[in-house]
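K.L.:
What follows is entry29.cif; its format and atoms are mmCIF, C-alpha atoms.
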data_start
loop_
_atom_site.label_atom_id
_atom_site.label_comp_id
_atom_site.auth_asym_id
_atom_site.auth_seq_id
_atom_site.Cartn_x
_atom_site.Cartn_y
_atom_site.Cartn_z
CA MET A 17 0.00 0.00 0.00
CA HIS A 18 1.29 3.40 -0.97
CA TYR A 19 0.03 6.73 0.26
CA PRO A 20 0.91 10.31 -0.65
CA ARG A 21 4.37 11.49 0.24
CA ARG A 22 4.50 13.04 3.69
CA ARG A 23 6.40 16.21 4.43
CA SER A 24 9.81 15.61 5.97
CA ARG A 25 9.97 16.50 9.62
CA THR A 26 11.98 16.03 12.73
CA LEU A 27 12.10 12.40 13.79
CA PRO A 28 8.94 11.81 15.82
CA ARG A 29 9.22 10.49 19.33
CA VAL A 30 8.51 6.77 19.30
CA LEU A 31 5.51 6.02 21.44
CA PRO A 32 5.88 3.64 24.37
CA ALA A 33 4.90 0.02 23.93
CA LEU A 34 1.33 -1.12 24.10
CA LEU A 35 1.47 -4.49 25.81
CA ILE A 36 -1.51 -6.74 25.33
CA VAL A 37 -1.05 -9.92 27.33
CA THR A 38 -3.60 -12.46 28.46
CA ALA A 39 -2.02 -15.09 30.66
CA CYS A 40 -2.48 -18.69 29.57
CA SER A 41 -3.09 -21.44 32.04
CA THR A 42 0.36 -22.91 31.32
CA GLY A 43 2.13 -19.88 32.78
CA SER A 44 4.74 -20.21 29.99
CA THR A 45 7.15 -17.46 29.00
CA PRO A 46 5.41 -15.06 26.61
CA VAL A 47 6.35 -14.91 22.95
CA ARG A 48 7.00 -11.33 21.91
CA ILE A 49 5.62 -10.17 18.57
CA GLY A 50 6.11 -6.60 17.37
CA LEU A 51 3.57 -4.44 15.58
CA ALA A 52 4.68 -1.39 13.59
CA GLY A 53 2.33 1.00 11.84
CA PRO A 54 0.80 4.47 11.74
CA PHE A 55 -1.76 3.92 14.49
CA SER A 56 -2.67 7.60 14.68
CA ASP A 57 -4.12 7.71 11.14
CA SER A 58 -7.31 6.23 9.72
CA VAL A 59 -5.49 3.62 7.64
CA GLY A 60 -3.23 2.30 10.39
CA ALA A 61 -5.54 2.48 13.43
CA PRO A 62 -7.62 -0.54 12.29
CA MET A 63 -4.40 -2.56 12.12
CA LEU A 64 -3.85 -2.09 15.85
CA ARG A 65 -7.46 -2.95 16.63
CA ALA A 66 -7.24 -6.17 14.62
CA ALA A 67 -3.95 -7.17 16.26
CA GLU A 68 -5.43 -6.64 19.71
CA LEU A 69 -8.42 -8.79 18.77
CA ALA A 70 -6.26 -11.60 17.40
CA VAL A 71 -3.97 -11.64 20.44
CA GLN A 72 -6.95 -11.71 22.80
CA GLN A 73 -8.45 -14.66 20.92
CA ILE A 74 -5.18 -16.56 20.55
CA ASN A 75 -4.24 -16.21 24.20
CA ALA A 76 -7.72 -17.22 25.31
CA SER A 77 -7.35 -20.42 23.28
CA GLY A 78 -3.95 -21.38 24.69
CA GLY A 79 -1.50 -19.08 22.96
CA ALA A 80 1.10 -19.95 20.32
CA GLY A 81 2.67 -23.34 20.96
CA GLY A 82 1.56 -23.11 24.57
CA HIS A 83 3.05 -19.63 25.04
CA PRO A 84 0.98 -16.48 25.50
CA ILE A 85 1.64 -13.75 22.96
CA GLU A 86 2.91 -10.40 24.20
CA LEU A 87 2.22 -7.72 21.61
CA LEU A 88 4.66 -4.80 21.46
CA ALA A 89 3.09 -2.07 19.35
CA ARG A 90 5.03 0.97 18.14
CA ASP A 91 3.66 3.88 16.12
CA ASP A 92 5.89 4.67 13.13
CA HIS A 93 3.74 7.71 12.18
CA GLY A 94 3.97 6.68 8.52
CA ASN A 95 7.47 8.18 8.52
CA PRO A 96 10.52 6.24 7.17
CA ASP A 97 12.92 7.68 9.77
CA SER A 98 10.56 6.75 12.56
CA ALA A 99 10.11 3.28 11.04
CA ILE A 100 13.87 2.73 11.31
CA ALA A 101 13.84 3.83 14.96
CA VAL A 102 10.88 1.55 15.68
CA ALA A 103 12.59 -1.40 13.99
CA THR A 104 15.79 -0.83 15.98
CA GLU A 105 13.86 -0.71 19.24
CA LEU A 106 11.75 -3.80 18.49
CA VAL A 107 14.86 -5.81 17.57
CA ARG A 108 16.35 -4.90 20.95
CA THR A 109 13.27 -6.20 22.77
CA GLY A 110 13.82 -9.71 21.45
CA VAL A 111 10.69 -10.06 19.31
CA VAL A 112 10.50 -13.23 17.21
CA ALA A 113 8.65 -11.44 14.42
CA VAL A 114 7.20 -8.06 13.49
CA VAL A 115 3.92 -7.37 11.74
CA GLY A 116 4.49 -4.23 9.68
CA ASP A 117 4.85 -1.80 8.30
CA VAL A 118 1.70 -0.53 6.53
CA TYR A 119 3.13 1.72 3.83
CA SER A 120 5.72 0.61 1.30
CA GLY A 121 8.08 3.46 2.15
CA THR A 122 8.21 2.62 5.84
CA THR A 123 8.47 -1.12 5.18
CA LEU A 124 11.40 -0.60 2.84
CA ALA A 125 13.11 1.78 5.29
CA ALA A 126 12.82 -0.70 8.16
CA ALA A 127 13.62 -3.86 6.17
CA PRO A 128 17.45 -3.56 6.37
CA VAL A 129 17.22 -3.39 10.18
CA TYR A 130 15.12 -6.55 10.40
CA ASN A 131 17.11 -8.44 7.79
CA SER A 132 20.42 -7.55 9.43
CA ALA A 133 19.12 -8.76 12.81
CA ARG A 134 17.45 -11.85 11.24
CA VAL A 135 14.02 -10.89 12.54
CA ILE A 136 10.96 -11.81 10.48
CA GLN A 137 9.07 -8.81 9.07
CA ILE A 138 5.63 -9.41 7.51
CA SER A 139 3.85 -6.44 6.00
CA PRO A 140 0.07 -6.66 5.68
CA SER A 141 -0.23 -3.99 3.01
CA SER A 142 3.02 -2.80 1.36
CA SER A 143 2.38 -3.14 -2.36
CA SER A 144 5.54 -1.71 -3.96
CA PRO A 145 7.33 -4.17 -6.27
CA LEU A 146 10.55 -3.19 -4.47
CA VAL A 147 9.40 -5.11 -1.38
CA SER A 148 10.14 -8.30 -3.35
CA ARG A 149 13.84 -7.46 -3.08
CA ALA A 150 13.87 -6.20 0.51
CA GLY A 151 15.55 -9.32 1.88
CA PRO A 152 14.95 -12.95 2.88
CA TRP A 153 13.43 -11.99 6.23
CA THR A 154 10.82 -9.66 4.71
CA PHE A 155 7.41 -10.98 3.62
CA ARG A 156 4.08 -9.45 2.64
CA THR A 157 0.55 -10.81 2.44
CA CYS A 158 -1.03 -8.34 -0.01
CA PRO A 159 -1.07 -8.13 -3.80
CA SER A 160 1.61 -5.94 -5.38
CA ASP A 161 0.99 -2.88 -7.53
CA LEU A 162 1.71 -5.06 -10.56
CA GLN A 163 -1.25 -7.27 -9.65
CA HIS A 164 -3.60 -4.34 -9.00
CA GLY A 165 -3.03 -2.66 -12.37
CA ALA A 166 -3.49 -5.85 -14.36
CA ALA A 167 -6.58 -6.90 -12.38
CA LEU A 168 -8.24 -3.52 -12.97
CA ALA A 169 -7.53 -3.77 -16.70
CA ARG A 170 -9.14 -7.20 -16.88
CA PHE A 171 -12.13 -6.02 -14.86
CA ALA A 172 -12.70 -2.98 -17.08
CA ALA A 173 -12.33 -4.92 -20.33
CA GLU A 174 -13.95 -8.23 -19.49
CA GLN A 175 -16.57 -7.47 -16.84
CA LEU A 176 -17.56 -3.91 -17.66
CA GLY A 177 -17.04 -4.24 -21.41
CA LEU A 178 -15.18 -0.93 -21.65
CA HIS A 179 -12.91 -0.39 -24.66
CA ARG A 180 -11.33 3.09 -24.55
CA ALA A 181 -9.52 4.63 -21.58
CA THR A 182 -7.97 7.93 -20.58
CA VAL A 183 -5.17 7.36 -18.06
CA LEU A 184 -4.16 9.97 -15.47
CA TYR A 185 -1.38 9.08 -13.06
CA LEU A 186 0.65 10.53 -10.24
CA ASN A 187 4.21 10.87 -11.48
CA ASP A 188 5.85 8.79 -8.76
CA GLU A 189 6.78 5.13 -8.38
CA TYR A 190 3.25 4.10 -7.40
CA GLY A 191 1.44 6.00 -10.13
CA ARG A 192 3.88 4.98 -12.85
CA GLY A 193 3.67 1.33 -11.82
CA LEU A 194 -0.13 1.29 -11.95
CA ARG A 195 -0.15 3.18 -15.25
CA GLN A 196 2.24 0.74 -16.87
CA THR A 197 0.66 -2.52 -15.70
CA PHE A 198 -2.87 -1.30 -16.41
CA SER A 199 -2.02 0.03 -19.87
CA LEU A 200 -0.10 -3.09 -20.94
CA GLU A 201 -2.84 -5.50 -19.85
CA PHE A 202 -5.69 -3.35 -21.17
CA SER A 203 -3.97 -3.09 -24.57
CA ARG A 204 -3.27 -6.83 -24.59
CA LEU A 205 -6.99 -7.44 -24.12
CA GLY A 206 -7.82 -5.25 -27.13
CA GLY A 207 -8.54 -2.03 -25.28
CA VAL A 208 -7.36 1.36 -26.50
CA VAL A 209 -5.54 3.79 -24.20
CA GLU A 210 -6.44 7.10 -25.84
CA GLU A 211 -4.28 9.39 -23.73
CA VAL A 212 -1.80 9.03 -20.86
CA ASP A 213 -1.14 12.12 -18.73
CA PRO A 214 0.98 12.65 -15.59
CA TYR A 215 0.23 14.99 -12.72
CA LEU A 216 1.85 16.09 -9.46
CA GLY A 217 0.46 16.93 -6.03
CA SER A 218 -2.74 16.13 -4.13
CA ARG A 219 -4.64 18.85 -6.04
CA PRO A 220 -3.54 18.08 -9.59
CA ALA A 221 -4.09 20.51 -12.45
CA VAL A 222 -5.92 17.98 -14.62
CA GLY A 223 -8.27 20.51 -16.22
CA PRO A 224 -6.49 20.61 -19.62
CA TYR A 225 -6.47 16.82 -19.79
CA LEU A 226 -10.19 16.68 -19.07
CA ASP A 227 -10.87 19.41 -21.63
CA ARG A 228 -9.25 17.22 -24.29
CA LEU A 229 -11.16 14.19 -23.05
CA ALA A 230 -14.46 16.07 -23.27
CA LEU A 231 -13.60 17.39 -26.74
CA ARG A 232 -12.79 13.89 -28.04
CA GLY A 233 -15.90 12.37 -26.46
CA THR A 234 -14.71 8.81 -27.13
CA SER A 235 -13.29 7.53 -23.82
CA ASP A 236 -15.41 5.05 -21.86
CA PHE A 237 -13.74 5.69 -18.49
CA ILE A 238 -10.91 7.38 -16.62
CA PHE A 239 -8.21 5.25 -15.03
CA LEU A 240 -6.47 7.07 -12.18
CA GLY A 241 -3.15 5.84 -10.82
CA GLY A 242 -2.95 7.80 -7.59
CA TYR A 243 -4.62 8.51 -4.27
CA ARG A 244 -7.94 9.50 -2.80
CA ALA A 245 -7.36 13.29 -2.68
CA GLU A 246 -6.36 13.35 -6.34
CA ALA A 247 -9.34 11.20 -7.30
CA GLU A 248 -11.70 13.63 -5.57
CA GLU A 249 -10.08 16.60 -7.31
CA THR A 250 -10.31 14.82 -10.67
CA LEU A 251 -13.96 13.94 -10.15
CA ARG A 252 -14.81 17.54 -9.19
CA ALA A 253 -13.03 18.87 -12.27
CA ALA A 254 -14.70 16.29 -14.50
CA ARG A 255 -18.19 17.05 -13.18
CA ALA A 256 -17.59 20.77 -13.71
CA ARG A 257 -17.02 19.99 -17.39
CA GLY A 258 -20.04 17.74 -17.68
CA VAL A 259 -17.89 14.61 -17.85
CA ARG A 260 -19.57 11.77 -15.97
CA LEU A 261 -17.45 8.82 -17.01
CA PRO A 262 -16.75 6.16 -14.37
CA LEU A 263 -13.47 6.45 -12.49
CA VAL A 264 -11.36 3.31 -11.96
CA GLY A 265 -8.39 3.20 -9.57
CA GLY A 266 -6.22 1.12 -7.26
CA ASP A 267 -5.90 0.65 -3.51
CA GLY A 268 -4.54 4.18 -3.09
CA LEU A 269 -8.15 5.34 -3.41
CA GLU A 270 -9.09 3.75 -0.06
CA GLY A 271 -11.70 5.92 1.65
CA LEU A 272 -13.00 7.49 -1.58
CA GLU A 273 -16.49 6.29 -0.66
CA ARG A 274 -16.51 8.93 2.08
CA ALA A 275 -16.55 11.65 -0.59
CA GLY A 276 -20.32 11.22 -0.88
CA PRO A 277 -22.25 11.55 -4.15
CA LEU A 278 -19.10 12.70 -5.95
CA ALA A 279 -17.65 9.19 -5.75
CA GLU A 280 -20.80 7.25 -6.66
CA GLY A 281 -20.19 4.68 -9.38
CA SER A 282 -16.39 4.72 -9.05
CA TYR A 283 -14.46 1.43 -8.99
CA VAL A 284 -11.54 0.72 -6.63
CA SER A 285 -9.32 -2.32 -6.12
CA SER A 286 -8.25 -3.80 -2.80
CA GLY A 287 -6.84 -6.96 -1.31
CA TYR A 288 -9.83 -7.08 1.04
CA LEU A 289 -13.34 -5.71 1.44
CA ALA A 290 -15.32 -6.00 4.66
CA GLY A 291 -18.42 -7.15 2.80
CA ILE A 292 -16.88 -10.38 1.50
CA ASP A 293 -19.42 -13.08 2.26
CA THR A 294 -17.29 -15.97 3.55
CA PRO A 295 -17.58 -17.77 6.91
CA LYS A 296 -14.11 -16.63 8.03
CA ASN A 297 -14.75 -13.02 7.13
CA ARG A 298 -18.22 -12.92 8.64
CA GLU A 299 -16.81 -14.18 11.94
CA PHE A 300 -13.88 -11.74 11.83
CA VAL A 301 -16.10 -8.73 11.13
CA ARG A 302 -18.56 -9.81 13.84
CA ALA A 303 -15.79 -10.14 16.44
CA TYR A 304 -14.11 -6.90 15.32
CA ARG A 305 -17.35 -4.92 15.62
CA LEU A 306 -18.11 -6.49 18.99
CA LYS A 307 -14.71 -5.44 20.36
CA HIS A 308 -14.67 -2.02 18.65
CA PRO A 309 -18.36 -1.04 18.24
CA GLU A 310 -17.63 2.63 17.54
CA ALA A 311 -14.97 2.00 14.91
CA PRO A 312 -15.53 1.82 11.14
CA LEU A 313 -15.49 -1.59 9.49
CA PRO A 314 -12.03 -3.19 9.20
CA ASN A 315 -9.91 -2.26 6.19
CA GLN A 316 -7.33 -4.29 4.28
CA PRO A 317 -4.41 -3.66 6.71
CA ALA A 318 -6.66 -4.75 9.58
CA ALA A 319 -7.81 -8.00 7.98
CA ALA A 320 -4.30 -8.87 6.80
CA THR A 321 -2.83 -8.12 10.24
CA TYR A 322 -5.41 -10.43 11.80
CA ASP A 323 -4.38 -13.16 9.34
CA ILE A 324 -0.68 -12.65 10.03
CA MET A 325 -1.16 -13.01 13.78
CA TYR A 326 -2.87 -16.37 13.25
CA LEU A 327 -0.27 -17.41 10.66
CA LEU A 328 2.44 -16.69 13.22
CA GLN A 329 0.53 -18.67 15.87
CA SER A 330 0.43 -21.67 13.52
CA ALA A 331 4.11 -21.34 12.53
CA ILE A 332 5.27 -21.01 16.17
CA ALA A 333 3.28 -24.11 17.09
CA LYS A 334 5.25 -26.01 14.41
CA ALA A 335 8.70 -24.46 14.65
CA GLY A 336 8.95 -22.98 18.13
CA THR A 337 10.49 -19.58 18.70
CA ASP A 338 13.87 -20.07 17.03
CA ARG A 339 13.79 -17.31 14.41
CA ALA A 340 15.64 -19.24 11.68
CA ARG A 341 13.36 -22.27 11.98
CA LEU A 342 10.36 -19.98 12.17
CA ARG A 343 11.40 -18.15 9.02
CA ASP A 344 11.87 -21.42 7.14
CA THR A 345 8.44 -22.60 8.26
CA ILE A 346 6.80 -19.39 7.07
CA SER A 347 8.62 -19.36 3.72
CA ALA A 348 7.38 -22.91 3.06
CA ILE A 349 3.72 -21.85 3.30
CA GLY A 350 2.14 -22.38 -0.10
CA GLY A 351 5.19 -24.30 -1.32
CA SER A 352 6.21 -27.48 0.47
CA ALA A 353 3.49 -26.72 3.05
CA PRO A 354 -0.19 -25.97 2.34
CA PRO A 355 -1.35 -22.36 1.94
CA PHE A 356 -2.63 -20.58 5.03
CA GLU A 357 -6.36 -20.00 4.79
CA GLY A 358 -7.23 -16.62 6.25
CA VAL A 359 -9.81 -13.87 6.20
CA THR A 360 -8.12 -12.33 3.13
CA GLY A 361 -7.98 -15.64 1.27
CA ALA A 362 -5.30 -18.28 0.75
CA ILE A 363 -1.80 -17.01 1.61
CA ALA A 364 0.97 -18.75 -0.37
CA PHE A 365 4.50 -17.32 -0.42
CA ASP A 366 6.97 -17.54 -3.30
CA GLU A 367 10.76 -17.43 -3.07
CA ASN A 368 10.66 -13.63 -2.62
CA GLY A 369 8.20 -13.66 0.28
CA ASP A 370 5.45 -12.41 -2.06
CA VAL A 371 1.93 -13.78 -2.53
CA PRO A 372 1.63 -13.68 -6.35
CA ARG A 373 -1.64 -15.62 -6.38
CA GLN A 374 -3.35 -13.41 -3.79
CA ARG A 375 -6.68 -12.19 -5.12
CA VAL A 376 -7.35 -8.57 -6.06
CA LEU A 377 -10.92 -7.51 -5.38
CA VAL A 378 -12.72 -4.72 -7.20
CA GLY A 379 -15.48 -2.80 -5.48
CA ARG A 380 -18.07 -0.34 -6.74
CA ILE A 381 -18.93 2.69 -4.59
CA GLU A 382 -22.63 2.71 -3.90
CA ALA A 383 -24.41 4.88 -1.33
CA GLY A 384 -21.23 5.55 0.60
CA THR A 385 -20.06 1.92 0.77
CA VAL A 386 -17.83 -0.27 -1.37
CA ARG A 387 -19.60 -3.34 -2.72
CA ALA A 388 -17.47 -6.17 -4.11
CA VAL A 389 -18.24 -6.70 -7.78
CA GLY A 390 -15.08 -8.35 -9.16
CA GLY A 391 -12.23 -10.68 -8.27
CA LEU A 392 -14.29 -12.92 -5.98
#
Give the structure from this file in structure tokens form.
P.N.:
Amino acid sequence: MHYPRRRSRTLPRVLPALLIVTACSTGSTPVRIGLAGPFSDSVGAPMLRAAELAVQQINASGGAGGHPIELLARDDHGNPDSAIAVATELVRTGVVAVVGDVYSGTTLAAAPVYNSARVIQISPSSSSPLVSRAGPWTFRTCPSDLQHGAALARFAAEQLGLHRATVLYLNDEYGRGLRQTFSLEFSRLGGVVEEVDPYLGSRPAVGPYLDRLALRGTSDFIFLGGYRAEAEETLRAARARGVRLPLVGGDGLEGLERAGPLAEGSYVSSGYLAGIDTPKNREFVRAYRLKHPEAPLPNQPAAATYDIMYLLQSAIAKAGTDRARLRDTISAIGGSAPPFEGVTGAIAFDENGDVPRQRVLVGRIEAGTVRAVGGL
């Protein structure tokens, strides 16, 4: 998962640990698992809630291999420098693994610390292709940007029957990656990319691009490789010109449904949607809402974090707490060992710690919610 670049700032003070421990009847030594993410923002806060829920459930059922889990949570503020400080501190505490970080930039910044210390790092939501090369101790459980772009192209061409696209993209690694993978797959399927235009900033000057689009009058939809703020600005500018084409975009558009009527009919991709109608997800959402009744429904980082905690419980039960054996056990999941069946689907790692077969869901924004319509 990528999100807009944050302004550089003085290194934030790392928050003290949040320790969530429920003693098991065995009285065994706790297993320490770290959690790193931006808990003070709307994307990262659900991650902490889901981790707390998983630890509570796991410890109530006997822990991991007979050991209670002790969760050490640190807020990285979505800042790469802070992520490095958090990683250094968690390594010193003796954690056997760390769930995090949320954003690709923070995951990549912290990865050298974890890999050097031989501590397992599993990101629930970092989608940059660069994470594949972060090191043998770094894993992720979400689709990469390469998967999102291609999945959206297939959805637009095959399920919506759209043939002609205008592509607008943020001129950074995330936007360029989505633009490229979408355009290649859409063209391969017989679609026509009529125009490809870059922009910069959260309030992009896309007016001239939309003027040309309106003058042509031949595009079926707008593909946007960027983030929620830019999508809202693009939709406002399009509506002002009488352009009411559907907008299609990746996981950077999370939260677009909160833009109200402006976002109605837009399509967004994600590795998870709370409305997925499976037994595992229904139970997860029920338990999450029971524990956090005032919170919004869980997002993708929350669901993936919940899965990772249970994946770690299973791996520790098999391999114990030796980090090398634990890493080998995790890397075998989906290879010499069966995939791990979680709330987000079947998790199966490749040699790079990626999940190349992880599903990409597409949702349609309807009445302020995102309803799954593709990738199920």
K.L.:
Convert the output of the PyMOL selection byres ((chain A and resi 329) around 12) on the shown file into explicit residues, formatted as an mmCIF file with C-alpha atoms, in the coordinates of the input.
P.N.:
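Resulting contents of expr_25.cif:
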data_model
loop_
_atom_site.group_PDB
_atom_site.id
_atom_site.type_symbol
_atom_site.label_atom_id
_atom_site.label_comp_id
_atom_site.auth_asym_id
_atom_site.auth_seq_id
_atom_site.Cartn_x
_atom_site.Cartn_y
_atom_site.Cartn_z
ATOM 1 C CA VAL A 47 6.350 -14.910 22.950
ATOM 2 C CA ARG A 48 7.000 -11.330 21.910
ATOM 3 C CA ILE A 49 5.620 -10.170 18.570
ATOM 4 C CA ALA A 70 -6.260 -11.600 17.400
ATOM 5 C CA VAL A 71 -3.970 -11.640 20.440
ATOM 6 C CA GLN A 73 -8.450 -14.660 20.920
ATOM 7 C CA ILE A 74 -5.180 -16.560 20.550
ATOM 8 C CA ASN A 75 -4.240 -16.210 24.200
ATOM 9 C CA SER A 77 -7.350 -20.420 23.280
ATOM 10 C CA GLY A 78 -3.950 -21.380 24.690
ATOM 11 C CA GLY A 79 -1.500 -19.080 22.960
ATOM 12 C CA ALA A 80 1.100 -19.950 20.320
ATOM 13 C CA GLY A 81 2.670 -23.340 20.960
ATOM 14 C CA GLY A 82 1.560 -23.110 24.570
ATOM 15 C CA HIS A 83 3.050 -19.630 25.040
ATOM 16 C CA PRO A 84 0.980 -16.480 25.500
ATOM 17 C CA ILE A 85 1.640 -13.750 22.960
ATOM 18 C CA GLU A 86 2.910 -10.400 24.200
ATOM 19 C CA VAL A 112 10.500 -13.230 17.210
ATOM 20 C CA ALA A 113 8.650 -11.440 14.420
ATOM 21 C CA TYR A 322 -5.410 -10.430 11.800
ATOM 22 C CA ASP A 323 -4.380 -13.160 9.340
ATOM 23 C CA ILE A 324 -0.680 -12.650 10.030
ATOM 24 C CA MET A 325 -1.160 -13.010 13.780
ATOM 25 C CA TYR A 326 -2.870 -16.370 13.250
ATOM 26 C CA LEU A 327 -0.270 -17.410 10.660
ATOM 27 C CA LEU A 328 2.440 -16.690 13.220
ATOM 28 C CA SER A 330 0.430 -21.670 13.520
ATOM 29 C CA ALA A 331 4.110 -21.340 12.530
ATOM 30 C CA ILE A 332 5.270 -21.010 16.170
ATOM 31 C CA ALA A 333 3.280 -24.110 17.090
ATOM 32 C CA LYS A 334 5.250 -26.010 14.410
ATOM 33 C CA ALA A 335 8.700 -24.460 14.650
ATOM 34 C CA GLY A 336 8.950 -22.980 18.130
ATOM 35 C CA THR A 337 10.490 -19.580 18.700
ATOM 36 C CA LEU A 342 10.360 -19.980 12.170
ATOM 37 C CA THR A 345 8.440 -22.600 8.260
ATOM 38 C CA ILE A 346 6.800 -19.390 7.070
ATOM 39 C CA PHE A 356 -2.630 -20.580 5.030
#
K.L.:
Can you work out the spacing between atom CA of Ala388 of chain A and atom CA of Ala318 of chain A in Å, to one decimal?
P.N.:
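These two atoms are separated by 17.5 Å.
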K.L.:
When the PyMOL selection byres ((chain A and resi 236-240) around 8) is applied to the structure above, which residues does it catch, written out as a short mmCIF file (atom, residue, chain, number, x, y, z; two decimals) with C-alpha atoms, keeping the file's coordinate frame?
P.N.:
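Below is the file selection_13.cif, written as the result:
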data_model
loop_
_atom_site.label_atom_id
_atom_site.label_comp_id
_atom_site.auth_asym_id
_atom_site.auth_seq_id
_atom_site.Cartn_x
_atom_site.Cartn_y
_atom_site.Cartn_z
CA LEU A 178 -15.18 -0.93 -21.65
CA HIS A 179 -12.91 -0.39 -24.66
CA ARG A 180 -11.33 3.09 -24.55
CA ALA A 181 -9.52 4.63 -21.58
CA THR A 182 -7.97 7.93 -20.58
CA VAL A 183 -5.17 7.36 -18.06
CA LEU A 184 -4.16 9.97 -15.47
CA TYR A 185 -1.38 9.08 -13.06
CA THR A 234 -14.71 8.81 -27.13
CA SER A 235 -13.29 7.53 -23.82
CA GLY A 241 -3.15 5.84 -10.82
CA GLY A 242 -2.95 7.80 -7.59
CA ALA A 247 -9.34 11.20 -7.30
CA LEU A 261 -17.45 8.82 -17.01
CA PRO A 262 -16.75 6.16 -14.37
CA LEU A 263 -13.47 6.45 -12.49
CA VAL A 264 -11.36 3.31 -11.96
CA GLY A 265 -8.39 3.20 -9.57
CA GLY A 266 -6.22 1.12 -7.26
#
K.L.:
Would you list the residues near (-15.0, 23.3, -14.9), meaning any protein, DNA or RNA residue with an atom at most 12 Å from that point in file coordinates, counting all atoms listed in the file, as a list in words?
P.N.:
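With a cut-off of 12 Å, the residues come to Ala221, Val222, Gly223, Pro224, Tyr225, Leu226, Asp227, Ala230, Glu249, Thr250, Leu251, Arg252, Ala253, Ala254, Arg255, Ala256, Arg257, Gly258 and Val259 of chain A.
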K.L.:
Could you check the closest approach to Pro317 of chain A for each of A:Leu69, A:Val118, A:Ala89, A:Leu168 and tell me which residue wins, using all atoms listed in the file?
P.N.:
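So, comparing all the options, the nearest one is A:Val118.
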K.L.:
Between atom CA of Ala99 of chain A and atom CA of Arg375 of chain A, what distance in Å does the model show, to one decimal?
P.N.:
28.0 Å
K.L.:
Could you tell me how far atom CA of Ser286 of chain A sits from atom CA of Pro145 of chain A, in Å to one decimal place?
P.N.:
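Computing the Euclidean distance for atom CA of Pro145 of chain A and atom CA of Ser286 of chain A yields 16.0 Å.
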K.L.:
Quick check on the file I pasted: which residues fall under the PyMOL selection byres ((chain A and resi 150-154) around 8)? Write them as a ChimeraX atom specification.
P.N.:
/A:124,127-128,130-131,134-139,146-149,155-156,343,368-369
K.L.:
Around all of segment 168-172 of chain A's listed atoms, make the axis-aligned box with 4 Å on each side and tell me centre and edge lengths in Å to one decimal, as lines of an AutoDock Vina configuration file.
P.N.:
center_x = -10.1
center_y = -5.1
center_z = -15.0
size_x = 13.2
size_y = 12.2
size_z = 12.1
K.L.:
I'd like to know which of A:Asp344, A:Val386, A:Asp338, A:Arg192 is closest to Gly276 of chain A, using only C-alpha atoms.
P.N.:
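Under the stated criterion, the closest residue is A:Val386.
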K.L.:
Please return segment 374-385 of chain A, rebuilt to N, CA and C atoms, as a short mmCIF file (atom, residue, chain, number, x, y, z; two decimals), in the frame of the given file.
P.N.:
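Wrote it out as rebuild-v6.cif, contents follow:
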data_model
loop_
_atom_site.label_atom_id
_atom_site.label_comp_id
_atom_site.auth_asym_id
_atom_site.auth_seq_id
_atom_site.Cartn_x
_atom_site.Cartn_y
_atom_site.Cartn_z
N GLN A 374 -2.35 -14.04 -4.66
CA GLN A 374 -3.35 -13.41 -3.79
C GLN A 374 -4.37 -12.65 -4.64
N ARG A 375 -5.63 -12.79 -4.30
CA ARG A 375 -6.68 -12.19 -5.12
C ARG A 375 -6.69 -10.67 -4.99
N VAL A 376 -7.08 -10.01 -6.06
CA VAL A 376 -7.35 -8.57 -6.06
C VAL A 376 -8.85 -8.40 -6.25
N LEU A 377 -9.49 -7.76 -5.30
CA LEU A 377 -10.92 -7.51 -5.38
C LEU A 377 -11.17 -6.14 -6.00
N VAL A 378 -12.29 -6.01 -6.67
CA VAL A 378 -12.72 -4.72 -7.20
C VAL A 378 -14.09 -4.42 -6.60
N GLY A 379 -14.22 -3.21 -6.07
CA GLY A 379 -15.48 -2.80 -5.48
C GLY A 379 -16.06 -1.59 -6.18
N ARG A 380 -17.37 -1.49 -6.17
CA ARG A 380 -18.07 -0.34 -6.74
C ARG A 380 -18.64 0.49 -5.60
N ILE A 381 -18.42 1.80 -5.65
CA ILE A 381 -18.93 2.69 -4.59
C ILE A 381 -20.41 2.95 -4.82
N GLU A 382 -21.19 2.55 -3.83
CA GLU A 382 -22.63 2.71 -3.90
C GLU A 382 -23.16 3.18 -2.55
N ALA A 383 -23.80 4.33 -2.53
CA ALA A 383 -24.41 4.88 -1.33
C ALA A 383 -23.43 4.94 -0.16
N GLY A 384 -22.22 5.36 -0.45
CA GLY A 384 -21.23 5.55 0.60
C GLY A 384 -20.54 4.29 1.08
N THR A 385 -20.74 3.17 0.41
CA THR A 385 -20.06 1.92 0.77
C THR A 385 -19.40 1.35 -0.47
#
